[in-house]
$ cat coords.txt   # compact mmCIF, C-alpha atoms and all ligand atoms
# COMPACT_ATOMS: atom_id res chain seq x y z
CA MET J 237 -31.00 -4.46 -2.50
CA PRO J 238 -32.37 -7.84 -1.25
CA PRO J 239 -29.78 -10.55 -0.60
CA SER J 240 -29.05 -12.69 -3.65
CA GLN J 241 -28.95 -16.45 -4.20
CA ASP J 242 -25.19 -16.24 -3.82
CA TRP J 243 -25.62 -14.60 -0.44
CA PHE J 244 -28.00 -17.27 0.82
CA ARG J 245 -25.67 -20.00 -0.45
CA SER J 246 -22.70 -18.42 1.29
CA ILE J 247 -24.20 -17.34 4.61
CA ASN J 248 -24.33 -20.74 6.22
CA ASN J 249 -21.41 -22.26 4.38
CA PRO J 250 -17.95 -22.12 5.86
CA PHE J 251 -15.30 -20.34 3.81
CA LYS J 252 -11.55 -19.86 4.09
CA ALA J 253 -10.06 -16.90 5.93
CA PHE J 254 -6.57 -16.12 7.22
CA ARG J 255 -7.20 -15.04 10.82
CA ILE J 256 -4.87 -13.40 13.33
CA HIS J 257 -5.27 -14.29 17.02
CA SER J 258 -3.60 -13.17 20.21
CA GLU J 259 -3.98 -14.32 23.77
CA ASP J 260 -2.28 -11.32 25.37
CA GLY J 261 -2.30 -8.67 22.61
CA ARG J 262 1.46 -9.16 22.06
CA ARG J 263 2.25 -12.64 20.76
CA VAL J 264 0.17 -13.27 17.67
CA GLU J 265 -0.72 -16.45 15.87
CA ALA J 266 -2.06 -16.34 12.34
CA ARG J 267 -3.59 -19.28 10.48
CA LEU J 268 -5.95 -20.32 7.73
CA GLU J 269 -9.37 -21.23 9.14
CA GLU J 270 -12.89 -21.96 8.06
CA ILE J 271 -15.37 -19.33 9.26
CA THR J 272 -18.87 -18.15 8.31
CA LEU J 273 -20.26 -14.68 7.62
CA ASP J 274 -21.46 -14.56 11.22
CA ASP J 275 -17.80 -14.41 12.28
CA LEU J 276 -17.14 -11.21 10.27
CA GLY J 277 -17.52 -7.61 11.43
CA ASP J 278 -20.57 -5.54 10.48
CA GLY J 279 -21.16 -3.78 7.19
CA GLU J 280 -23.77 -3.17 4.53
CA VAL J 281 -21.80 -4.81 1.73
CA VAL J 282 -20.69 -8.44 1.31
CA ILE J 283 -18.01 -9.05 -1.32
CA ARG J 284 -16.87 -12.31 -2.85
CA GLY J 285 -13.12 -11.70 -2.89
CA ALA J 286 -11.21 -12.27 -6.12
CA TYR J 287 -7.75 -10.97 -5.15
CA SER J 288 -5.93 -9.45 -2.22
CA SER J 289 -2.22 -8.65 -1.89
CA ILE J 290 0.62 -8.63 0.61
CA ASN J 291 1.75 -5.27 1.96
CA TYR J 292 4.46 -4.51 4.53
CA LYS J 293 1.74 -3.82 7.09
CA ASP J 294 0.27 -7.30 6.53
CA ALA J 295 3.62 -8.83 7.41
CA LEU J 296 3.84 -6.70 10.56
CA ALA J 297 0.30 -7.72 11.54
CA ALA J 298 0.59 -11.45 10.86
CA THR J 299 4.00 -11.93 12.49
CA GLY J 300 3.44 -9.54 15.40
CA ALA J 301 6.55 -7.55 14.35
CA GLY J 302 4.34 -4.45 14.56
CA ARG J 303 1.20 -3.78 16.56
CA ILE J 304 -1.34 -3.29 13.80
CA LEU J 305 -4.53 -4.98 15.03
CA ARG J 306 -6.52 -3.05 17.63
CA ARG J 307 -8.62 -6.11 18.51
CA PHE J 308 -8.39 -9.88 18.12
CA PRO J 309 -9.17 -12.07 16.37
CA LEU J 310 -9.41 -10.40 12.97
CA VAL J 311 -9.05 -11.60 9.40
CA GLY J 312 -5.76 -10.18 8.03
CA GLY J 313 -5.28 -8.31 4.75
CA VAL J 314 -5.42 -4.54 4.28
CA ASP J 315 -6.95 -4.71 0.81
CA VAL J 316 -9.29 -6.71 -1.41
CA ALA J 317 -11.01 -6.56 -4.79
CA GLY J 318 -14.02 -8.59 -5.80
CA THR J 319 -17.72 -8.71 -6.63
CA VAL J 320 -20.56 -7.49 -4.43
CA ILE J 321 -22.96 -10.31 -3.60
CA SER J 322 -25.20 -8.37 -1.23
CA SER J 323 -25.66 -4.69 -0.38
CA THR J 324 -28.06 -2.59 1.65
CA ASP J 325 -26.12 0.57 0.74
CA PRO J 326 -27.91 2.40 -2.10
CA ARG J 327 -24.55 3.45 -3.62
CA VAL J 328 -23.45 -0.16 -4.11
CA ALA J 329 -25.35 -2.81 -6.10
CA GLU J 330 -25.12 -6.58 -6.24
CA GLY J 331 -22.77 -7.54 -9.08
CA ASP J 332 -20.66 -4.38 -8.77
CA GLU J 333 -16.91 -4.85 -8.94
CA VAL J 334 -15.31 -2.99 -6.05
CA ILE J 335 -11.98 -2.29 -4.35
CA VAL J 336 -11.51 -1.83 -0.62
CA ASN J 337 -8.14 -0.67 0.65
CA GLY J 338 -7.09 0.83 3.95
CA CYS J 339 -10.09 2.06 5.97
CA GLY J 340 -10.06 -0.29 8.97
CA LEU J 341 -9.23 -3.55 7.20
CA SER J 342 -7.05 -5.76 9.41
CA GLU J 343 -6.80 -2.99 12.00
CA THR J 344 -10.24 -2.63 13.54
CA HIS J 345 -12.25 -4.71 11.06
CA ASP J 346 -11.92 -8.11 9.38
CA GLY J 347 -9.70 -7.79 6.32
CA GLY J 348 -9.23 -9.02 2.79
CA PHE J 349 -7.48 -12.39 3.24
CA ALA J 350 -10.77 -14.31 2.91
CA GLU J 351 -13.13 -15.72 0.32
CA TYR J 352 -15.87 -13.38 1.60
CA VAL J 353 -15.44 -9.91 3.08
CA ARG J 354 -18.04 -7.67 4.76
CA VAL J 355 -17.50 -3.90 4.93
CA PRO J 356 -19.39 -0.62 5.33
CA GLY J 357 -20.52 0.70 1.94
CA GLU J 358 -18.57 3.90 2.60
CA TRP J 359 -15.33 1.93 2.29
CA THR J 360 -15.99 0.60 -1.21
CA THR J 361 -14.49 2.13 -4.34
CA PRO J 362 -16.19 1.27 -7.65
CA MET J 363 -13.73 -0.51 -9.95
CA PRO J 364 -12.67 2.14 -12.47
CA ALA J 365 -13.15 1.40 -16.19
CA GLY J 366 -10.11 -0.38 -17.59
CA VAL J 367 -9.08 -1.87 -14.22
CA ASP J 368 -9.94 -5.40 -13.05
CA ALA J 369 -9.57 -7.11 -9.67
CA ARG J 370 -6.18 -8.63 -10.51
CA MET J 371 -4.74 -5.31 -11.67
CA ALA J 372 -6.29 -3.46 -8.72
CA MET J 373 -4.58 -5.80 -6.26
CA GLY J 374 -1.38 -5.84 -8.33
CA LEU J 375 -1.27 -2.22 -7.27
CA GLY J 376 -3.09 -2.72 -3.96
CA THR J 377 -2.50 -0.53 -0.95
CA ALA J 378 1.13 0.00 -1.99
CA GLY J 379 0.17 1.28 -5.45
CA PHE J 380 -2.72 3.35 -4.16
CA THR J 381 -0.38 4.97 -1.63
CA ALA J 382 2.22 5.74 -4.30
CA ALA J 383 -0.52 7.33 -6.45
CA LEU J 384 -1.92 9.27 -3.47
CA ALA J 385 1.56 10.63 -2.76
CA ILE J 386 2.06 11.82 -6.35
CA HIS J 387 -1.48 13.27 -6.36
CA ARG J 388 -0.74 15.25 -3.18
CA MET J 389 2.66 16.40 -4.47
CA GLU J 390 1.14 17.63 -7.73
CA GLN J 391 -1.66 19.39 -5.86
CA ASN J 392 1.20 21.20 -4.16
CA ASP J 393 2.74 22.23 -7.51
CA GLN J 394 5.25 19.43 -8.07
CA VAL J 395 6.22 19.39 -11.75
CA PRO J 396 8.90 17.47 -13.66
CA GLU J 397 10.77 20.73 -14.39
CA LEU J 398 11.54 21.11 -10.67
CA GLY J 399 14.04 18.26 -10.90
CA PRO J 400 14.43 14.54 -10.23
CA ILE J 401 12.28 12.72 -7.70
CA VAL J 402 14.17 10.38 -5.40
CA VAL J 403 12.39 7.19 -4.26
CA ASN J 404 13.77 4.98 -1.48
CA GLY J 405 12.72 1.46 -0.53
CA ALA J 406 12.77 1.36 -4.31
CA THR J 407 12.35 -2.36 -4.89
CA GLY J 408 9.40 -2.65 -2.46
CA GLY J 409 5.74 -2.31 -3.42
CA VAL J 410 5.31 1.44 -2.87
CA GLY J 411 8.76 2.19 -4.31
CA SER J 412 8.34 0.08 -7.45
CA VAL J 413 4.92 1.51 -8.31
CA ALA J 414 6.03 5.08 -7.51
CA ILE J 415 8.96 4.77 -9.94
CA ASP J 416 6.67 3.42 -12.65
CA LEU J 417 3.99 6.10 -12.19
CA LEU J 418 6.44 8.99 -11.88
CA SER J 419 8.38 8.03 -14.99
CA GLN J 420 5.11 7.71 -16.94
CA ARG J 421 4.25 11.25 -15.84
CA GLY J 422 7.52 12.57 -17.26
CA TYR J 423 9.52 12.85 -14.04
CA GLU J 424 13.17 11.94 -13.91
CA VAL J 425 13.45 9.34 -11.12
CA THR J 426 16.39 8.32 -8.96
CA ALA J 427 15.92 4.99 -7.17
CA LEU J 428 17.62 4.41 -3.83
CA THR J 429 17.95 0.74 -2.92
CA SER J 430 19.83 -1.50 -0.54
CA LYS J 431 19.94 -4.29 -3.14
CA THR J 432 23.04 -4.39 -5.33
CA THR J 433 21.35 -6.71 -7.81
CA ALA J 434 18.28 -4.55 -8.52
CA THR J 435 19.63 -2.04 -11.06
CA GLU J 436 18.21 -3.76 -14.13
CA TYR J 437 14.78 -4.18 -12.48
CA LEU J 438 14.60 -0.54 -11.37
CA LYS J 439 15.79 0.86 -14.72
CA GLY J 440 13.20 -1.38 -16.39
CA LEU J 441 10.51 0.41 -14.34
CA GLY J 442 11.73 3.81 -15.52
CA ALA J 443 14.42 4.92 -13.04
CA THR J 444 17.07 6.98 -14.79
CA GLU J 445 19.58 6.52 -11.97
CA VAL J 446 19.96 3.81 -9.30
CA LEU J 447 21.97 4.48 -6.13
CA ASN J 448 22.90 2.19 -3.26
CA PHE J 449 21.49 3.98 -0.25
CA LYS J 450 24.03 2.38 2.09
CA GLU J 451 26.83 4.21 0.26
CA LEU J 452 25.34 7.72 0.55
CA GLU J 453 27.20 10.47 2.38
CA LEU J 454 24.39 12.18 4.28
CA GLY J 455 26.35 15.10 5.74
CA GLU J 456 25.27 16.97 8.86
CA ARG J 457 24.58 20.56 7.82
CA PRO J 458 21.04 21.96 8.17
CA LEU J 459 21.12 22.76 4.44
CA GLU J 460 23.14 20.61 2.05
CA LYS J 461 23.63 21.20 -1.68
CA VAL J 462 20.25 20.80 -3.40
CA ILE J 463 19.77 17.70 -5.56
CA TRP J 464 16.11 16.65 -5.64
CA GLY J 465 12.97 18.24 -7.05
CA GLY J 466 11.08 16.07 -4.57
CA ALA J 467 11.15 12.76 -2.73
CA ILE J 468 9.04 9.73 -1.89
CA ASP J 469 10.17 8.34 1.45
CA ASN J 470 9.30 4.80 2.48
CA LEU J 471 11.92 4.44 5.19
CA GLY J 472 11.88 7.31 7.71
CA GLY J 473 14.94 7.93 9.91
CA ASP J 474 18.21 9.52 8.73
CA ILE J 475 17.45 9.29 5.03
CA LEU J 476 14.24 11.32 5.42
CA GLY J 477 16.19 13.96 7.31
CA TRP J 478 18.68 14.06 4.43
CA PHE J 479 15.85 14.50 1.91
CA THR J 480 14.70 17.62 3.78
CA ARG J 481 18.24 19.03 3.59
CA THR J 482 18.79 18.28 -0.14
CA THR J 483 15.42 19.12 -1.72
CA LYS J 484 15.25 22.13 -4.04
CA PRO J 485 13.21 25.22 -3.16
CA ASN J 486 9.44 24.52 -3.20
CA GLY J 487 9.90 20.77 -3.67
CA ASN J 488 7.68 18.23 -1.92
CA ILE J 489 8.64 15.21 0.16
CA ALA J 490 5.97 12.55 0.67
CA SER J 491 6.50 10.79 4.00
CA ILE J 492 4.97 7.33 3.62
CA GLY J 493 6.81 4.68 5.56
CA LEU J 494 8.94 3.67 8.47
CA ALA J 495 10.77 0.57 7.22
CA ALA J 496 14.07 1.98 8.58
CA GLY J 497 12.79 3.86 11.62
CA ILE J 498 10.31 6.30 13.09
CA ASP J 499 12.74 9.14 13.91
CA LEU J 500 13.12 12.32 11.93
CA SER J 501 15.97 14.68 12.64
CA THR J 502 16.15 17.97 10.76
CA THR J 503 15.81 21.71 11.38
CA VAL J 504 13.32 24.35 10.29
CA MET J 505 15.88 25.77 7.83
CA PRO J 506 14.76 23.80 4.72
CA PHE J 507 11.16 24.82 5.41
CA ILE J 508 11.67 28.53 6.02
CA LEU J 509 14.61 29.16 3.65
CA ARG J 510 13.74 26.78 0.81
CA GLY J 511 9.97 26.53 1.23
CA ILE J 512 10.00 22.75 0.96
CA SER J 513 6.89 20.80 2.03
CA LEU J 514 6.77 17.58 3.98
CA LEU J 515 3.49 15.88 3.09
CA GLY J 516 2.20 13.17 5.40
CA ILE J 517 0.62 10.35 3.39
CA ASN J 518 -1.96 8.19 5.11
CA SER J 519 -3.73 5.68 2.88
CA VAL J 520 -6.13 4.59 5.64
CA GLU J 521 -7.82 7.86 6.61
CA VAL J 522 -8.94 8.92 3.13
CA SER J 523 -12.43 10.15 2.26
CA ARG J 524 -14.41 8.03 -0.22
CA GLU J 525 -14.37 10.97 -2.62
CA LEU J 526 -10.56 11.23 -2.63
CA ARG J 527 -10.17 7.44 -2.76
CA ILE J 528 -12.34 7.32 -5.90
CA ALA J 529 -10.48 10.28 -7.43
CA VAL J 530 -7.09 8.61 -6.91
CA TRP J 531 -8.24 5.23 -8.30
CA ASN J 532 -9.67 7.07 -11.31
CA ARG J 533 -6.31 8.73 -11.87
CA ILE J 534 -4.70 5.26 -11.70
CA ALA J 535 -7.05 4.27 -14.52
CA GLY J 536 -6.17 7.46 -16.40
CA ASP J 537 -3.20 9.80 -16.34
CA LEU J 538 -1.44 7.91 -13.51
CA ALA J 539 -1.70 4.46 -15.11
CA PRO J 540 1.14 2.02 -14.46
CA ALA J 541 3.10 0.79 -17.47
CA HIS J 542 5.16 -2.01 -15.91
CA LEU J 543 2.77 -3.79 -13.55
CA ASP J 544 3.60 -7.12 -15.22
CA GLN J 545 7.21 -6.66 -14.05
CA ILE J 546 6.24 -5.41 -10.58
CA VAL J 547 3.80 -8.24 -9.79
CA ASN J 548 6.12 -11.22 -9.64
CA ARG J 549 4.21 -13.63 -7.36
CA GLU J 550 0.64 -14.91 -7.37
CA ILE J 551 -0.15 -17.14 -4.40
CA GLU J 552 -3.10 -18.83 -2.70
CA LEU J 553 -4.49 -18.03 0.76
CA ALA J 554 -2.98 -21.28 2.04
CA ASP J 555 0.55 -20.09 1.10
CA LEU J 556 0.43 -16.73 2.89
CA SER J 557 2.46 -17.59 6.01
CA ARG J 558 5.53 -18.48 3.95
CA TYR J 559 5.99 -14.99 2.54
CA PHE J 560 5.82 -12.54 5.44
CA SER J 561 9.46 -12.90 6.52
CA ASP J 562 10.69 -11.48 3.17
CA TYR J 563 8.88 -8.24 4.03
CA ILE J 564 10.19 -8.05 7.58
CA ASP J 565 13.75 -8.77 6.36
CA GLY J 566 13.47 -6.17 3.56
CA THR J 567 14.46 -8.73 0.91
CA VAL J 568 11.18 -8.46 -1.01
CA MET J 569 11.05 -7.15 -4.57
CA GLY J 570 7.88 -5.96 -6.27
CA ARG J 571 4.39 -7.14 -5.37
CA THR J 572 2.70 -10.39 -4.37
CA ILE J 573 -0.98 -10.88 -5.13
CA VAL J 574 -3.20 -13.39 -3.34
CA ARG J 575 -5.85 -15.31 -5.28
CA LEU J 576 -8.98 -15.69 -3.16
CA SER J 577 -11.38 -17.66 -5.33
N1 LIG C 601 1.41 5.77 4.98
C1 LIG C 601 0.68 4.80 4.46
O1 LIG C 601 -0.54 4.90 4.34
C2 LIG C 601 1.38 3.59 3.96
C3 LIG C 601 0.78 2.77 2.98
C4 LIG C 601 1.52 1.70 2.48
C5 LIG C 601 2.79 1.45 2.97
N2 LIG C 601 3.31 2.25 3.93
C6 LIG C 601 4.66 2.04 4.46
O2 LIG C 601 5.57 2.28 3.39
C7 LIG C 601 6.71 1.45 3.55
C8 LIG C 601 6.90 0.65 2.28
O3 LIG C 601 5.79 -0.22 2.10
P1 LIG C 601 5.85 -1.36 1.00
O4 LIG C 601 4.51 -1.99 0.94
O5 LIG C 601 6.47 -0.83 -0.24
O6 LIG C 601 6.88 -2.36 1.71
P2 LIG C 601 7.76 -3.51 1.07
O7 LIG C 601 7.15 -4.00 -0.20
O8 LIG C 601 8.03 -4.46 2.17
O9 LIG C 601 9.12 -2.76 0.66
C9 LIG C 601 9.90 -2.05 1.57
C10 LIG C 601 11.28 -1.81 0.95
O10 LIG C 601 12.00 -0.93 1.84
C11 LIG C 601 13.36 -1.32 1.88
N3 LIG C 601 13.64 -1.73 3.28
C12 LIG C 601 12.97 -2.63 4.03
N4 LIG C 601 13.46 -2.71 5.26
C13 LIG C 601 14.45 -1.82 5.32
C14 LIG C 601 15.34 -1.41 6.34
N5 LIG C 601 15.31 -1.95 7.56
N6 LIG C 601 16.22 -0.45 6.06
C15 LIG C 601 16.25 0.08 4.86
N7 LIG C 601 15.45 -0.27 3.84
C16 LIG C 601 14.55 -1.20 4.08
C17 LIG C 601 13.54 -2.45 0.88
O11 LIG C 601 13.81 -1.83 -0.39
P3 LIG C 601 15.30 -1.65 -1.00
O12 LIG C 601 16.02 -2.95 -0.70
O13 LIG C 601 15.08 -1.43 -2.45
O14 LIG C 601 15.94 -0.50 -0.31
C18 LIG C 601 12.15 -3.04 0.82
O15 LIG C 601 11.94 -3.74 -0.38
C19 LIG C 601 6.44 0.60 4.79
O16 LIG C 601 7.07 1.23 5.91
C20 LIG C 601 4.94 0.65 4.94
O17 LIG C 601 4.52 0.46 6.27
C21 LIG C 601 2.63 3.30 4.44

$ encode --input "coords.txt" --output "structure tokens" --more "lines below"
Ligand SMILES: NC(=O)c1ccc[n+]([C@@H]2O[C@H](COP(=O)([O-])OP(=O)(O)OC[C@H]3O[C@@H](n4cnc5c(N)ncnc54)[C@H](OP(=O)(O)O)[C@@H]3O)[C@@H](O)[C@H]2O)c1
Amino acid sequence: MPPSQDWFRSINNPFKAFRIHSEDGRRVEARLEEITLDDLGDGEVVIRGAYSSINYKDALAATGAGRILRRFPLVGGVDVAGTVISSTDPRVAEGDEVIVNGCGLSETHDGGFAEYVRVPGEWTTPMPAGVDARMAMGLGTAGFTAALAIHRMEQNDQVPELGPIVVNGATGGVGSVAIDLLSQRGYEVTALTSKTTATEYLKGLGATEVLNFKELELGERPLEKVIWGGAIDNLGGDILGWFTRTTKPNGNIASIGLAAGIDLSTTVMPFILRGISLLGINSVEVSRELRIAVWNRIAGDLAPAHLDQIVNREIELADLSRYFSDYIDGTVMGRTIVRLS
């Protein structure tokens, strides 16, 4: 596909991008800058960004609280949705609406916090019917990951009849969307949160029970009394160990995050005596085929019903820096989308 008028207009014109720099690979400095397409990494597809979103990983990357970027400088933002303005990939045409999430965005490749984004065609997902850029980024990487986890659990025979699914980090992006999607699918959902004021919000998303995770008695036995049909874990650490010890026979635990720690302490007993499965969920290393399948489920039988409650902030690129500390401190609720143009 030959480059369009829009492409020629944009190629020499500076545009806004939120870039992350580091002198020594440790201390990072992130700021809004004007760059041109020449400053972006390679790829067959140029997208005019409509929306991006803030994910926990973006906060780690932009503040330096976690080592996310493998090279500097890079444009931040692990996801983006927008319109293709130029493509030399035969699978992607000018004018197509696309989503890019995960892959190497803001890790090895310039990310989605920019008015224009250039990526390999392989990374693009066609916008499914019934979804637009705002909705796609309302879900964003967090929502995609929640859907991927449920998809993997169901591939491994998770069904509502097996019992309630427990979701921790419940008020965060992954947690909020997971509760919404699971309850729409007919699962009973227990939300675990550290926020004492979040009960109404979480019940509004479909949680049948809300527990304060700081008040849980985790016990120490290799096998505790079974409670859960399955679990979605955003925290890691002791609580993930407890999930393995309290999940019913043949239940699935999706291990997604590390907001509370990277350790996991358990024994083989839940695996060999109860046949539970611990499913590792990685939203970055996903084939294009699976990525498209999961987004199509989001537009179909895994559609959210409460995204308007989950997306509670819409900001501009220029405002980004103000919001990362909420994610690092764990005080965030729901999702923040970033308007790009
Ligand atoms: N594997 C993947 O591909 C993948 C993809 C996306 C995200 N993730 C990971 O999944 C996790 C959640 O992501 P997110 O986008 O939902 O993040 P988020 O929006 O920042 O939400 C995280 C939630 O976890 C809880 N929390 C945060 N810090 C905590 C702490 N120190 N101790 C206990 N609870 C804490 C809080 O919920 P409550 O106050 O309600 O407890 C917070 O709202 C992150 O670790 C992220 O890196 C992984």

$ residues_around --input "coords.txt" --residues "J:Val402" --least-positions-apart "4" --cutoff "10 Å" --atoms "all atoms listed in the file" --output "PDB file with C-alpha atoms, in the coordinates of the input"
ATOM      1  CA  ALA J 406      12.770   1.360  -4.310  1.00  0.00           C
ATOM      2  CA  GLY J 411       8.760   2.190  -4.310  1.00  0.00           C
ATOM      3  CA  ALA J 414       6.030   5.080  -7.510  1.00  0.00           C
ATOM      4  CA  ILE J 415       8.960   4.770  -9.940  1.00  0.00           C
ATOM      5  CA  GLU J 424      13.170  11.940 -13.910  1.00  0.00           C
ATOM      6  CA  VAL J 425      13.450   9.340 -11.120  1.00  0.00           C
ATOM      7  CA  THR J 426      16.390   8.320  -8.960  1.00  0.00           C
ATOM      8  CA  ALA J 427      15.920   4.990  -7.170  1.00  0.00           C
ATOM      9  CA  LEU J 428      17.620   4.410  -3.830  1.00  0.00           C
ATOM     10  CA  ALA J 443      14.420   4.920 -13.040  1.00  0.00           C
ATOM     11  CA  GLU J 445      19.580   6.520 -11.970  1.00  0.00           C
ATOM     12  CA  VAL J 446      19.960   3.810  -9.300  1.00  0.00           C
ATOM     13  CA  LEU J 447      21.970   4.480  -6.130  1.00  0.00           C
ATOM     14  CA  ILE J 463      19.770  17.700  -5.560  1.00  0.00           C
ATOM     15  CA  TRP J 464      16.110  16.650  -5.640  1.00  0.00           C
ATOM     16  CA  GLY J 465      12.970  18.240  -7.050  1.00  0.00           C
ATOM     17  CA  GLY J 466      11.080  16.070  -4.570  1.00  0.00           C
ATOM     18  CA  ALA J 467      11.150  12.760  -2.730  1.00  0.00           C
ATOM     19  CA  ILE J 468       9.040   9.730  -1.890  1.00  0.00           C
ATOM     20  CA  ASP J 469      10.170   8.340   1.450  1.00  0.00           C
ATOM     21  CA  PHE J 479      15.850  14.500   1.910  1.00  0.00           C
ATOM     22  CA  THR J 483      15.420  19.120  -1.720  1.00  0.00           C
ATOM     23  CA  ILE J 489       8.640  15.210   0.160  1.00  0.00           C
TER      24      ILE J 489
END

$ closest_residue --input "coords.txt" --among "J:Thr502, J:Asn404, J:Asn548, J:Ser240" --to "ligand LIG 601 (chain C)" --atoms "only C-alpha atoms and all ligand atoms"
J:Asn404

$ closest_atom_pairs --input "coords.txt" --of "chain J" --to "ligand LIG 601 (chain C)" --cutoff "7 Å" --atoms "all atoms listed in the file" --output "JSON lines"
{"residue": "J:Asn291", "atom": "CA", "partner": "C:LIG601", "partner_atom": "O4", "distance": 4.4}
{"residue": "J:Tyr292", "atom": "CA", "partner": "C:LIG601", "partner_atom": "O8", "distance": 4.3}
{"residue": "J:Lys293", "atom": "CA", "partner": "C:LIG601", "partner_atom": "O17", "distance": 5.2}
{"residue": "J:Thr377", "atom": "CA", "partner": "C:LIG601", "partner_atom": "C4", "distance": 5.7}
{"residue": "J:Ala378", "atom": "CA", "partner": "C:LIG601", "partner_atom": "C4", "distance": 4.8}
{"residue": "J:Thr381", "atom": "CA", "partner": "C:LIG601", "partner_atom": "C3", "distance": 5.2}
{"residue": "J:Asn404", "atom": "CA", "partner": "C:LIG601", "partner_atom": "O14", "distance": 6.0}
{"residue": "J:Gly405", "atom": "CA", "partner": "C:LIG601", "partner_atom": "O10", "distance": 3.4}
{"residue": "J:Ala406", "atom": "CA", "partner": "C:LIG601", "partner_atom": "O13", "distance": 4.1}
{"residue": "J:Thr407", "atom": "CA", "partner": "C:LIG601", "partner_atom": "O13", "distance": 3.8}
{"residue": "J:Gly408", "atom": "CA", "partner": "C:LIG601", "partner_atom": "O9", "distance": 3.1}
{"residue": "J:Gly409", "atom": "CA", "partner": "C:LIG601", "partner_atom": "O5", "distance": 3.6}
{"residue": "J:Val410", "atom": "CA", "partner": "C:LIG601", "partner_atom": "O5", "distance": 3.7}
{"residue": "J:Gly411", "atom": "CA", "partner": "C:LIG601", "partner_atom": "O5", "distance": 5.6}
{"residue": "J:Leu428", "atom": "CA", "partner": "C:LIG601", "partner_atom": "O14", "distance": 6.3}
{"residue": "J:Thr429", "atom": "CA", "partner": "C:LIG601", "partner_atom": "O14", "distance": 3.5}
{"residue": "J:Ser430", "atom": "CA", "partner": "C:LIG601", "partner_atom": "O14", "distance": 4.0}
{"residue": "J:Lys431", "atom": "CA", "partner": "C:LIG601", "partner_atom": "O12", "distance": 4.8}
{"residue": "J:Asn470", "atom": "CA", "partner": "C:LIG601", "partner_atom": "C7", "distance": 4.4}
{"residue": "J:Leu471", "atom": "CA", "partner": "C:LIG601", "partner_atom": "O16", "distance": 5.9}
{"residue": "J:Ile492", "atom": "CA", "partner": "C:LIG601", "partner_atom": "N1", "distance": 4.1}
{"residue": "J:Gly493", "atom": "CA", "partner": "C:LIG601", "partner_atom": "O2", "distance": 3.5}
{"residue": "J:Leu494", "atom": "CA", "partner": "C:LIG601", "partner_atom": "O16", "distance": 4.0}
{"residue": "J:Ala495", "atom": "CA", "partner": "C:LIG601", "partner_atom": "O16", "distance": 4.0}
{"residue": "J:Ala496", "atom": "CA", "partner": "C:LIG601", "partner_atom": "N6", "distance": 4.1}
{"residue": "J:Ile517", "atom": "CA", "partner": "C:LIG601", "partner_atom": "N1", "distance": 4.9}
{"residue": "J:Asn518", "atom": "CA", "partner": "C:LIG601", "partner_atom": "O1", "distance": 3.7}
{"residue": "J:Ser519", "atom": "CA", "partner": "C:LIG601", "partner_atom": "O1", "distance": 3.6}
{"residue": "J:Val520", "atom": "CA", "partner": "C:LIG601", "partner_atom": "O1", "distance": 5.7}
{"residue": "J:Tyr563", "atom": "CA", "partner": "C:LIG601", "partner_atom": "O8", "distance": 4.3}
{"residue": "J:Ile564", "atom": "CA", "partner": "C:LIG601", "partner_atom": "N4", "distance": 6.7}
{"residue": "J:Asp565", "atom": "CA", "partner": "C:LIG601", "partner_atom": "N4", "distance": 6.2}
{"residue": "J:Gly566", "atom": "CA", "partner": "C:LIG601", "partner_atom": "C12", "distance": 3.6}
{"residue": "J:Thr567", "atom": "CA", "partner": "C:LIG601", "partner_atom": "O15", "distance": 5.7}
{"residue": "J:Val568", "atom": "CA", "partner": "C:LIG601", "partner_atom": "O15", "distance": 4.8}
{"residue": "J:Met569", "atom": "CA", "partner": "C:LIG601", "partner_atom": "O15", "distance": 5.5}
{"residue": "J:Gly570", "atom": "CA", "partner": "C:LIG601", "partner_atom": "O7", "distance": 6.4}
{"residue": "J:Arg571", "atom": "CA", "partner": "C:LIG601", "partner_atom": "O7", "distance": 6.6}

$ atom_distance --input "coords.txt" --atom1 "atom CA of J:Ala539" --atom2 "atom CA of J:Met363"
14.0 Å

$ atom_distance --input "coords.txt" --atom1 "atom CA of J:Thr361" --atom2 "atom CA of J:Leu526"
10.1 Å

$ residues_around --input "coords.txt" --residues "J:Met373" --least-positions-apart "3" --cutoff "6 Å" --atoms "all atoms listed in the file" --output "ChimeraX atom specification"
/J:288-289,370,376

$ decode --input "coords.txt" --residues "stretch 439-452 of chain J" --atoms "C-alpha atoms" --output "PDB file, in the first residue's frame"
ATOM      1  CA  LYS J 439     -20.435  -5.232  43.846  1.00  0.00           C
ATOM      2  CA  GLY J 440     -21.512  -2.880  41.051  1.00  0.00           C
ATOM      3  CA  LEU J 441     -19.121  -4.736  38.722  1.00  0.00           C
ATOM      4  CA  GLY J 442     -20.656  -8.087  39.641  1.00  0.00           C
ATOM      5  CA  ALA J 443     -18.741  -9.351  42.698  1.00  0.00           C
ATOM      6  CA  THR J 444     -21.023 -11.350  44.961  1.00  0.00           C
ATOM      7  CA  GLU J 445     -18.670 -11.069  47.936  1.00  0.00           C
ATOM      8  CA  VAL J 446     -15.971  -8.508  48.823  1.00  0.00           C
ATOM      9  CA  LEU J 447     -13.242  -9.360  51.344  1.00  0.00           C
ATOM     10  CA  ASN J 448     -10.471  -7.233  52.806  1.00  0.00           C
ATOM     11  CA  PHE J 449      -7.351  -9.155  51.900  1.00  0.00           C
ATOM     12  CA  LYS J 450      -5.409  -7.716  54.836  1.00  0.00           C
ATOM     13  CA  GLU J 451      -7.788  -9.480  57.245  1.00  0.00           C
ATOM     14  CA  LEU J 452      -7.417 -12.975  55.750  1.00  0.00           C
TER      15      LEU J 452
END
